[in-house]
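A short worksheet on the structure shown next.
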Amino acid sequence: MASFILLLPIASGRFRSLSISASTNSNGATPSTAKGRMVVEIPLDKIRRPLMRTRANDQQKVKELMDSIAEIGLQVPIDVLEVDGVYYGFSGCHRYEAHQKLGLPTIRCKVRRGTKETLRHHLR
């Protein structure tokens, strides 16, 4: 049994975290930590993707990921930056799109907390 954080909506896109224990998550994998970062399930619609795409995702790669995720779950969580309770995703575009197309409500994320300055650095 593993402990993980449940995100509860409190107001206008902000969340309160609550630690709970469970044996598996909705993708069939056990929540864990990765290099000191907590791995949690976050609703797809709560992850902001602020960088404009300069090119489309490789749809063959998205399809292969969809097949894999449907069969064995997401094996590598995406990285997100949490600033003041808001989540920002800058990588994992193919995995994120695969989850969207599969209709999955959440995605496993390695959460790194940061400051507004850290966010500004990523947006440059």
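A note on labels: chains of the structure tokens are A, B, ... as shown, every chain counts residues from 1, and ligands are counted from 1 in their shown order.
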Mind checking DSSP for segment 42-88 of chain A and telling me the strand (DSSP E) residues as a ChimeraX atom specification?
-> /A:42-43,47-48,78-83,86-88
The residue from A:Phe90, A:Tyr96, A:Pro77, A:His121 with the smallest atom-to-atom distance to Met38 of chain A, counting only C-alpha atoms, is A:Pro77
Which one is closest to Val40 of chain A: A:His99, A:Arg124, A:Asp79, A:Glu117? Count only C-alpha atoms.
->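 Closest to Val40 of chain A, using only C-alpha atoms: A:Asp79.
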Pick out the residues sitting within 10 Å of Val76 of chain A, and hand them over as a PyMOL selection string; count only C-alpha atoms, and ignore anything fewer than 4 positions along from it in its own chain.
-> chain A and resi 92+95+108-110
For Leu44 of chain A, which residue among A:Ile72, A:Val83, A:Leu104, A:Ala98 is the nearest when counting only C-alpha atoms?
->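 Ranking A:Ile72, A:Val83, A:Leu104, A:Ala98 by distance to Leu44 of chain A, first place goes to A:Leu104.
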Length of the atom CA of Glu71 of chain A to atom CA of Arg112 of chain A vector [Å] |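 Computed distance, atom CA of Glu71 of chain A to atom CA of Arg112 of chain A, equals 27.9 Å.
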Could you pull the residues within 6 Å of Val80 of chain A, counting only C-alpha atoms, minus those fewer than 3 positions along the same chain, as an MDAnalysis selection string?
-> chainID A and resid 88:89 111
Which is closest to Leu123 of chain A among A:Leu81, A:Lys61, A:Lys46, A:Met66, if we use only C-alpha atoms?
->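 Closest to Leu123 of chain A of all the choices is A:Leu81.
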Which one of A:Gln100, A:Arg120, A:Arg113, A:Leu65 sits closest to Pro43 of chain A if you count only C-alpha atoms?
-> A:Gln100
Measure the distance from atom CA of Ser91 of chain A to atom CA of Arg49 of chain A in Å and round it to one decimal.
-> 8.8 Å
Which distance in Å separates atom CA of Ile47 of chain A and atom CA of Gln59 of chain A, to one decimal?
-> 21.2 Å
